[in-house]
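So this block is protein.pdb, PDB, C-alpha atoms:
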MODEL        1
ATOM      1  CA  MET A  22     -36.528  28.483   0.115
ATOM      2  CA  LEU A  23     -34.860  27.008   3.198
ATOM      3  CA  ARG A  24     -37.066  24.653   5.190
ATOM      4  CA  ARG A  25     -36.399  24.380   8.892
ATOM      5  CA  SER A  26     -38.263  22.628  11.674
ATOM      6  CA  ALA A  27     -40.319  25.678  12.654
ATOM      7  CA  GLU A  28     -40.011  28.098   9.739
ATOM      8  CA  GLU A  29     -39.549  28.578   5.997
ATOM      9  CA  VAL A  30     -37.083  31.217   4.809
ATOM     10  CA  ARG A  31     -37.694  32.572   1.306
ATOM     11  CA  ILE A  32     -34.693  34.305  -0.252
ATOM     12  CA  PRO A  33     -35.244  35.910  -3.686
ATOM     13  CA  PHE A  34     -32.362  35.985  -6.140
ATOM     14  CA  ALA A  35     -32.238  39.783  -5.894
ATOM     15  CA  ALA A  36     -31.257  39.460  -2.217
ATOM     16  CA  ILE A  37     -28.303  37.122  -2.817
ATOM     17  CA  ALA A  38     -24.783  38.427  -3.217
ATOM     18  CA  ARG A  39     -23.151  35.036  -3.706
ATOM     19  CA  VAL A  40     -23.390  31.384  -2.745
ATOM     20  CA  ARG A  41     -20.353  29.531  -1.441
ATOM     21  CA  ALA A  42     -19.777  25.798  -1.202
ATOM     22  CA  GLU A  43     -17.865  25.080   1.993
ATOM     23  CA  GLY A  44     -17.241  21.358   2.062
ATOM     24  CA  ARG A  45     -20.474  19.700   3.131
ATOM     25  CA  ALA A  46     -22.208  23.037   3.689
ATOM     26  CA  VAL A  47     -23.661  25.824   1.571
ATOM     27  CA  ALA A  48     -23.431  29.465   2.633
ATOM     28  CA  VAL A  49     -25.944  31.887   1.120
ATOM     29  CA  GLU A  50     -24.530  35.397   1.573
ATOM     30  CA  LEU A  51     -26.997  38.260   1.216
ATOM     31  CA  ALA A  52     -26.267  41.598  -0.412
ATOM     32  CA  ALA A  53     -25.387  44.417   1.959
ATOM     33  CA  ALA A  54     -24.168  48.005   1.774
ATOM     34  CA  GLY A  55     -20.486  48.742   2.147
ATOM     35  CA  GLY A  56     -19.239  48.482   5.707
ATOM     36  CA  VAL A  57     -22.191  46.352   6.787
ATOM     37  CA  VAL A  58     -21.580  42.731   7.695
ATOM     38  CA  PRO A  59     -23.756  40.694   5.308
ATOM     39  CA  ALA A  60     -26.210  38.168   6.678
ATOM     40  CA  VAL A  61     -25.399  34.547   5.848
ATOM     41  CA  TYR A  62     -27.714  31.539   5.823
ATOM     42  CA  ARG A  63     -26.028  28.158   6.089
ATOM     43  CA  VAL A  64     -27.263  24.733   5.058
ATOM     44  CA  ASP A  65     -25.185  21.995   6.692
ATOM     45  CA  GLY A  66     -25.092  18.236   6.259
ATOM     46  CA  VAL A  67     -25.233  18.047   2.454
ATOM     47  CA  SER A  68     -22.836  16.226   0.153
ATOM     48  CA  ALA A  69     -19.801  18.139  -1.007
ATOM     49  CA  ALA A  70     -20.633  17.459  -4.658
ATOM     50  CA  GLY A  71     -24.234  18.583  -4.162
ATOM     51  CA  ALA A  72     -23.083  21.756  -2.434
ATOM     52  CA  ALA A  73     -20.743  22.614  -5.305
ATOM     53  CA  VAL A  74     -23.420  22.014  -7.949
ATOM     54  CA  PHE A  75     -26.021  24.015  -6.012
ATOM     55  CA  ALA A  76     -23.662  26.961  -5.479
ATOM     56  CA  SER A  77     -22.697  26.994  -9.153
ATOM     57  CA  ALA A  78     -26.311  26.783 -10.325
ATOM     58  CA  VAL A  79     -27.543  29.580  -8.074
ATOM     59  CA  THR A  80     -24.575  31.819  -8.855
ATOM     60  CA  SER A  81     -25.131  31.435 -12.601
ATOM     61  CA  GLY A  82     -28.776  32.387 -12.156
ATOM     62  CA  LEU A  83     -28.193  35.568 -10.167
ATOM     63  CA  PRO A  84     -29.296  38.755 -11.956
ATOM     64  CA  PRO A  85     -26.460  41.071 -13.042
ATOM     65  CA  ARG A  86     -25.932  44.188 -10.935
ATOM     66  CA  PRO A  87     -24.594  47.389 -12.527
ATOM     67  CA  GLN A  88     -21.470  48.734 -10.904
ATOM     68  CA  ASP A  89     -23.018  52.170 -10.266
ATOM     69  CA  ALA A  90     -26.270  50.798  -8.797
ATOM     70  CA  ASP A  91     -27.067  51.174  -5.126
ATOM     71  CA  THR A  92     -26.479  48.024  -3.108
ATOM     72  CA  VAL A  93     -29.676  46.265  -2.211
ATOM     73  CA  ASP A  94     -30.279  45.365   1.418
ATOM     74  CA  GLY A  95     -30.768  41.652   0.955
ATOM     75  CA  ALA A  96     -32.032  41.067   4.479
ATOM     76  CA  SER A  97     -35.032  43.334   3.819
ATOM     77  CA  LEU A  98     -36.119  41.128   0.915
ATOM     78  CA  VAL A  99     -36.068  37.895   2.918
ATOM     79  CA  SER A 100     -39.406  36.660   4.220
ATOM     80  CA  VAL A 101     -39.760  34.222   7.096
ATOM     81  CA  GLU A 102     -42.935  32.208   7.559
ATOM     82  CA  VAL A 103     -43.635  30.225  10.690
ATOM     83  CA  VAL A 104     -44.488  26.600   9.877
ATOM     84  CA  THR A 105     -47.209  25.082  12.022
ATOM     85  CA  GLU A 106     -47.135  21.344  12.510
ATOM     86  CA  SER A 107     -50.186  19.546  11.157
ATOM     87  CA  VAL A 108     -52.129  17.031  13.215
ATOM     88  CA  ARG A 109     -50.867  14.201  11.002
ATOM     89  CA  GLU A 110     -47.234  15.298  11.338
ATOM     90  CA  ARG A 111     -47.577  15.670  15.103
ATOM     91  CA  ARG A 112     -49.092  12.192  15.398
ATOM     92  CA  ALA A 113     -46.330  10.724  13.225
ATOM     93  CA  ARG A 114     -43.664  12.391  15.368
ATOM     94  CA  TRP A 115     -45.141  11.058  18.595
ATOM     95  CA  ALA A 116     -45.607   7.606  17.042
ATOM     96  CA  LYS A 117     -41.883   7.479  16.191
ATOM     97  CA  ARG A 118     -40.924   8.521  19.707
ATOM     98  CA  LEU A 119     -43.260   5.945  21.214
ATOM     99  CA  ALA A 120     -41.834   3.208  18.958
ATOM    100  CA  VAL A 121     -38.282   4.034  20.035
ATOM    101  CA  ALA A 122     -39.341   4.078  23.695
ATOM    102  CA  VAL A 123     -41.041   0.676  23.368
ATOM    103  CA  VAL A 124     -37.991  -0.933  21.746
ATOM    104  CA  LEU A 125     -35.642   0.534  24.370
ATOM    105  CA  GLY A 126     -37.975  -0.594  27.156
ATOM    106  CA  PHE A 127     -38.030  -4.166  25.916
ATOM    107  CA  ALA A 128     -34.241  -4.085  25.458
ATOM    108  CA  VAL A 129     -33.799  -3.107  29.110
ATOM    109  CA  LEU A 130     -36.295  -5.798  30.118
ATOM    110  CA  ALA A 131     -34.412  -8.434  28.095
ATOM    111  CA  VAL A 132     -31.075  -7.556  29.716
ATOM    112  CA  ALA A 133     -32.675  -7.570  33.165
ATOM    113  CA  MET A 134     -34.100 -11.054  32.510
ATOM    114  CA  GLY A 135     -30.683 -12.380  31.564
ATOM    115  CA  VAL A 136     -28.980 -10.821  34.567
ATOM    116  CA  VAL A 137     -31.636 -11.917  37.068
ATOM    117  CA  GLY A 138     -31.861 -15.467  35.706
ATOM    118  CA  GLY A 139     -28.123 -15.821  35.419
ATOM    119  CA  ASN A 140     -28.079 -18.650  32.890
ATOM    120  CA  ALA A 141     -28.182 -19.257  29.162
ATOM    121  CA  ALA A 142     -31.895 -20.061  29.201
ATOM    122  CA  THR A 143     -32.920 -16.710  30.683
ATOM    123  CA  TRP A 144     -30.640 -14.846  28.279
ATOM    124  CA  PHE A 145     -32.324 -16.709  25.425
ATOM    125  CA  LEU A 146     -35.763 -15.888  26.846
ATOM    126  CA  GLY A 147     -34.700 -12.260  27.152
ATOM    127  CA  PHE A 148     -33.707 -12.276  23.493
ATOM    128  CA  MET A 149     -37.109 -13.753  22.608
ATOM    129  CA  VAL A 150     -38.852 -11.023  24.599
ATOM    130  CA  LEU A 151     -36.769  -8.408  22.779
ATOM    131  CA  ILE A 152     -38.024  -9.782  19.447
ATOM    132  CA  VAL A 153     -41.585 -10.747  20.342
ATOM    133  CA  GLY A 154     -42.391  -7.794  22.610
ATOM    134  CA  PRO A 155     -41.945  -4.953  20.078
ATOM    135  CA  ALA A 156     -43.656  -7.103  17.429
ATOM    136  CA  GLY A 157     -46.644  -7.560  19.717
ATOM    137  CA  ALA A 158     -46.705  -3.847  20.496
ATOM    138  CA  ALA A 159     -46.610  -3.029  16.779
ATOM    139  CA  ILE A 160     -49.428  -5.470  15.995
ATOM    140  CA  THR A 161     -51.472  -4.038  18.861
ATOM    141  CA  ALA A 162     -50.905  -0.504  17.579
ATOM    142  CA  VAL A 163     -51.973  -1.537  14.067
ATOM    143  CA  GLY A 164     -55.129  -3.139  15.441
ATOM    144  CA  ALA A 165     -55.941  -0.124  17.590
ATOM    145  CA  GLY A 166     -55.340   2.216  14.667
ATOM    146  CA  GLY A 167     -57.518   0.076  12.441
ATOM    147  CA  LEU A 168     -60.347   0.154  14.972
ATOM    148  CA  TRP A 169     -60.034   3.943  15.196
ATOM    149  CA  LEU A 170     -60.404   4.164  11.417
ATOM    150  CA  VAL A 171     -63.389   1.817  11.593
ATOM    151  CA  TYR A 172     -64.948   4.032  14.266
ATOM    152  CA  GLN A 173     -64.595   7.012  11.940
ATOM    153  CA  ALA A 174     -66.099   4.974   9.097
ATOM    154  CA  TRP A 175     -69.172   4.346  11.275
ATOM    155  CA  TYR A 176     -69.368   7.813  12.857
ATOM    156  CA  LEU A 177     -68.610  10.304  10.079
ATOM    157  CA  PRO A 178     -71.165   9.175   7.449
ATOM    158  CA  ARG A 179     -73.856   9.507  10.136
ATOM    159  CA  TYR A 180     -72.834  12.769  11.788
ATOM    160  CA  GLY A 181     -70.448  14.364   9.278
ATOM    161  CA  ILE A 182     -70.770  16.058   5.890
ATOM    162  CA  THR A 183     -70.718  13.797   2.833
ATOM    163  CA  VAL A 184     -69.079  15.052  -0.363
ATOM    164  CA  GLU A 185     -67.558  13.582  -3.493
ATOM    165  CA  ALA A 186     -63.795  13.142  -3.688
ATOM    166  CA  VAL A 187     -62.091  13.140  -7.086
ATOM    167  CA  ARG A 188     -59.078  10.973  -7.920
ATOM    168  CA  ALA A 189     -55.957  13.129  -8.174
ATOM    169  CA  SER A 190     -53.134  10.597  -8.596
ATOM    170  CA  ASP A 191     -52.659   6.867  -9.093
ATOM    171  CA  ALA A 192     -50.594   4.336  -7.197
ATOM    172  CA  SER A 193     -50.369   0.571  -6.912
ATOM    173  CA  ASP A 194     -49.050  -1.973  -4.446
ATOM    174  CA  LEU A 195     -49.309  -5.662  -3.650
ATOM    175  CA  LEU A 196     -52.921  -5.203  -2.540
ATOM    176  CA  GLY A 197     -54.031  -3.566  -5.792
ATOM    177  CA  ARG A 198     -54.594  -0.074  -7.101
ATOM    178  CA  SER A 199     -54.956   2.959  -4.885
ATOM    179  CA  GLY A 200     -54.612   6.694  -5.157
ATOM    180  CA  ASN A 201     -54.938  10.131  -3.641
ATOM    181  CA  TYR A 202     -58.352  11.772  -3.768
ATOM    182  CA  THR A 203     -59.219  15.424  -3.167
ATOM    183  CA  TYR A 204     -62.408  16.878  -1.699
ATOM    184  CA  THR A 205     -63.509  20.408  -0.862
ATOM    185  CA  ASP A 206     -65.145  21.416   2.415
ATOM    186  CA  THR A 207     -67.875  24.042   2.853
ATOM    187  CA  SER A 208     -65.317  26.837   3.293
ATOM    188  CA  GLY A 209     -63.746  26.076  -0.103
ATOM    189  CA  VAL A 210     -60.548  24.486   1.247
ATOM    190  CA  SER A 211     -59.301  21.369  -0.562
ATOM    191  CA  HIS A 212     -58.126  18.291   1.318
ATOM    192  CA  ARG A 213     -56.403  15.125   0.163
ATOM    193  CA  MET A 214     -56.829  11.566   1.401
ATOM    194  CA  TYR A 215     -55.438   8.166   0.426
ATOM    195  CA  VAL A 216     -58.033   5.601  -0.701
ATOM    196  CA  LYS A 217     -57.713   1.982  -1.833
ATOM    197  CA  GLY A 218     -59.417   1.345  -5.158
ATOM    198  CA  SER A 219     -59.519   2.577  -8.743
ATOM    199  CA  ALA A 220     -62.803   4.524  -8.957
ATOM    200  CA  ALA A 221     -62.723   7.987 -10.503
ATOM    201  CA  THR A 222     -64.725   9.395  -7.582
ATOM    202  CA  VAL A 223     -65.660   8.171  -4.116
ATOM    203  CA  ALA A 224     -68.092   9.421  -1.489
ATOM    204  CA  VAL A 225     -66.359  10.621   1.672
ATOM    205  CA  ALA A 226     -67.656  12.111   4.897
ATOM    206  CA  TYR A 227     -65.661  14.649   6.886
ATOM    207  CA  HIS A 228     -65.992  16.020  10.397
ATOM    208  CA  PRO A 229     -67.811  19.408  10.439
ATOM    209  CA  ALA A 230     -65.394  20.892  12.987
ATOM    210  CA  LYS A 231     -62.276  19.164  11.573
ATOM    211  CA  PRO A 232     -62.616  19.019   7.773
ATOM    212  CA  ALA A 233     -59.239  17.325   7.363
ATOM    213  CA  THR A 234     -60.629  14.278   9.210
ATOM    214  CA  ALA A 235     -62.550  12.173   6.699
ATOM    215  CA  ALA A 236     -63.543   8.607   5.955
ATOM    216  CA  VAL A 237     -64.765   6.780   2.867
ATOM    217  CA  CYS A 238     -68.462   5.930   2.917
ATOM    218  CA  HIS A 239     -68.207   2.136   2.691
ATOM    219  CA  SER A 240     -71.101  -0.303   2.696
ATOM    220  CA  TRP A 241     -72.485  -1.757   5.938
ATOM    221  CA  GLY A 242     -70.982  -5.171   5.173
ATOM    222  CA  ARG A 243     -67.528  -3.706   4.505
ATOM    223  CA  LYS A 244     -67.592  -1.843   7.809
ATOM    224  CA  VAL A 245     -68.617  -4.976   9.716
ATOM    225  CA  TRP A 246     -65.751  -6.913   8.122
ATOM    226  CA  ASP A 247     -63.254  -4.124   8.909
ATOM    227  CA  THR A 248     -64.477  -4.075  12.516
ATOM    228  CA  VAL A 249     -64.045  -7.821  12.949
ATOM    229  CA  PHE A 250     -60.636  -7.807  11.258
ATOM    230  CA  GLY A 251     -59.352  -4.864  13.302
ATOM    231  CA  LEU A 252     -60.569  -6.448  16.524
ATOM    232  CA  GLY A 253     -58.859  -9.719  15.583
ATOM    233  CA  VAL A 254     -55.548  -7.956  14.907
ATOM    234  CA  LEU A 255     -55.817  -6.090  18.216
ATOM    235  CA  LEU A 256     -56.517  -9.260  20.203
ATOM    236  CA  PHE A 257     -53.674 -11.115  18.486
ATOM    237  CA  GLY A 258     -51.262  -8.309  19.312
ATOM    238  CA  LEU A 259     -52.390  -8.299  22.940
ATOM    239  CA  ALA A 260     -51.881 -12.068  23.094
ATOM    240  CA  VAL A 261     -48.314 -11.692  21.797
ATOM    241  CA  LEU A 262     -47.659  -8.962  24.352
ATOM    242  CA  ALA A 263     -49.123 -11.152  27.097
ATOM    243  CA  SER A 264     -46.732 -13.981  26.191
ATOM    244  CA  SER A 265     -43.782 -11.618  26.525
ATOM    245  CA  VAL A 266     -45.033 -10.419  29.910
ATOM    246  CA  ALA A 267     -45.512 -14.005  31.052
ATOM    247  CA  LEU A 268     -41.931 -14.896  30.139
ATOM    248  CA  ALA A 269     -40.602 -11.840  31.950
ATOM    249  CA  VAL A 270     -42.683 -12.466  35.080
ATOM    250  CA  GLY A 271     -41.644 -16.125  35.140
ATOM    251  CA  THR A 272     -37.984 -15.156  34.892
ATOM    252  CA  PHE A 273     -38.185 -12.635  37.732
ATOM    253  CA  MET A 274     -40.040 -15.176  39.899
ATOM    254  CA  GLY A 275     -37.213 -17.679  39.411
ATOM    255  CA  GLU A 276     -39.108 -20.254  37.368
ATOM    256  CA  TYR A 277     -36.175 -20.617  34.934
ATOM    257  CA  ALA A 278     -33.338 -20.218  37.423
ATOM    258  CA  ASP A 279     -32.452 -23.934  37.322
ATOM    259  CA  ALA A 280     -33.235 -24.449  33.640
ATOM    260  CA  MET A 281     -29.610 -25.225  32.758
ATOM    261  CA  THR A 282     -28.652 -27.045  35.955
ATOM    262  CA  PRO A 283     -27.606 -30.694  35.313
ATOM    263  CA  GLN A 284     -29.965 -33.248  36.815
TER     264      GLN A 284
ENDMDL
END
What is this file in structure tokens?
Amino acid sequence: MLRRSAEEVRIPFAAIARVRAEGRAVAVELAAAGGVVPAVYRVDGVSAAGAAVFASAVTSGLPPRPQDADTVDGASLVSVEVVTESVRERRARWAKRLAVAVVLGFAVLAVAMGVVGGNAATWFLGFMVLIVGPAGAAITAVGAGGLWLVYQAWYLPRYGITVEAVRASDASDLLGRSGNYTYTDTSGVSHRMYVKGSAATVAVAYHPAKPATAAVCHSWGRKVWDTVFGLGVLLFGLAVLASSVALAVGTFMGEYADAMTPQ
């Protein structure tokens, strides 16, 4: 199976004529009748050693073909399935792009501060903005994300469907034990969610129209604490961002233009 950004290509062994290692690439050549150019699927960007091992392993596992047997059309045995991007994957992709854009934006702002100020102090302030600005944006994003999760924790138990989720795997980190839990919606589809804790089962509530969106049914006190904590993180992040903006505005208004001038 070859995974690509928008599709999955499944190639059974019966469709493969041979596999070649070509440096840091693997070429999967399909079987074809005489006189027909065989289709080839390439996988680039792998290690040369990995390509050699993969080609050898697949070749040794190919079924033997009698000399007098008709040549199989390998392309007809290949199945291609379009891969749809999940909501979580799409959000993660956009979050990465936004993070890169924020860092680049603050980098441009830092350089502009140094150029406009024209002295060592403004270059230093620009460097501080480059460090503090993205940190403030990240803290703000964490706080906003936490408040969104808190909103779901308040909303879904009241208006969603509550079911029991069963622990499927264990994990642990500096904050204690955690794990993946699975629950089944009314249509019989199973979903998985990450939950902090060590209980064998937990009560979760999922959105009736979006069963993959779920939240743990915490106590009222826990939800109040999460709300206060998330709001505190958000306000702290906004304060850090505001300090970066203040430094930038002061630089562009010339407040630090004479910072290094001898008195």
* Do you have the atom CA of His228 of chain A-atom CA of Gly253 of chain A distance handy? ->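 Distance between the two atoms: 27.2 Å.
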* What does the distance between atom CA of Gly95 of chain A and atom CA of Ala54 of chain A come to in Å, to one decimal place? ->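 Separating atom CA of Gly95 of chain A from atom CA of Ala54 of chain A is a distance of 9.2 Å.
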* To do: Any chance you could resolve the PyMOL selection byres ((chain A and resi 61-75) around 9) against this file and give the residues as a ChimeraX atom specification?
  => /A:23,40-51,59-60,76-80
Take the residues from that selection and put them in a file with C-alpha atoms, as an mmCIF file, keeping the file's coordinate frame.
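The resulting file, part.cif, is shown below:
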data_model
loop_
_atom_site.group_PDB
_atom_site.id
_atom_site.type_symbol
_atom_site.label_atom_id
_atom_site.label_comp_id
_atom_site.auth_asym_id
_atom_site.auth_seq_id
_atom_site.Cartn_x
_atom_site.Cartn_y
_atom_site.Cartn_z
ATOM 1 C CA LEU A 23 -34.860 27.008 3.198
ATOM 2 C CA VAL A 40 -23.390 31.384 -2.745
ATOM 3 C CA ARG A 41 -20.353 29.531 -1.441
ATOM 4 C CA ALA A 42 -19.777 25.798 -1.202
ATOM 5 C CA GLU A 43 -17.865 25.080 1.993
ATOM 6 C CA GLY A 44 -17.241 21.358 2.062
ATOM 7 C CA ARG A 45 -20.474 19.700 3.131
ATOM 8 C CA ALA A 46 -22.208 23.037 3.689
ATOM 9 C CA VAL A 47 -23.661 25.824 1.571
ATOM 10 C CA ALA A 48 -23.431 29.465 2.633
ATOM 11 C CA VAL A 49 -25.944 31.887 1.120
ATOM 12 C CA GLU A 50 -24.530 35.397 1.573
ATOM 13 C CA LEU A 51 -26.997 38.260 1.216
ATOM 14 C CA PRO A 59 -23.756 40.694 5.308
ATOM 15 C CA ALA A 60 -26.210 38.168 6.678
ATOM 16 C CA ALA A 76 -23.662 26.961 -5.479
ATOM 17 C CA SER A 77 -22.697 26.994 -9.153
ATOM 18 C CA ALA A 78 -26.311 26.783 -10.325
ATOM 19 C CA VAL A 79 -27.543 29.580 -8.074
ATOM 20 C CA THR A 80 -24.575 31.819 -8.855
#
* To do: Please evaluate the PyMOL selection byres ((chain A and resi 251) around 9) against the displayed coordinates and give the resulting residues as number ranges by chain.
  => A: 163-168, 171, 246-250, 252-256
* Structure fact -> Counting all atoms listed in the file, closest pick from A:Asp94, A:Val187, A:Ala36, A:Ala131 relative to Val58 of chain A is A:Asp94
* To do: Rank A:Ile32, A:Val261, A:Val225, A:Ala116 by their smallest atom-to-atom distance to Val150 of chain A, using all atoms listed in the file, and report the top residue only.
  =>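 The closest residue to Val150 of chain A is A:Val261.
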* Which residues, written as number ranges by chain, have at least one atom at most 10 Å from Phe145 of chain A, with all atoms listed in the file counted and residues fewer than 4 positions away on the same chain left out? -> A: 131, 134-135, 140-141, 149-151
* Asked: Pick the closest to Ala122 of chain A from A:Val99, A:Ala267, A:Ala220, A:Ala158: which is it, counting all atoms listed in the file?
  -> A:Ala158
* So, counting all atoms listed in the file, which residue among A:Gly154, A:Pro178, A:Gly82, A:Gly126 is closest to Lys244 of chain A? ->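 Ranked by minimum distance to Lys244 of chain A, first place goes to A:Pro178.
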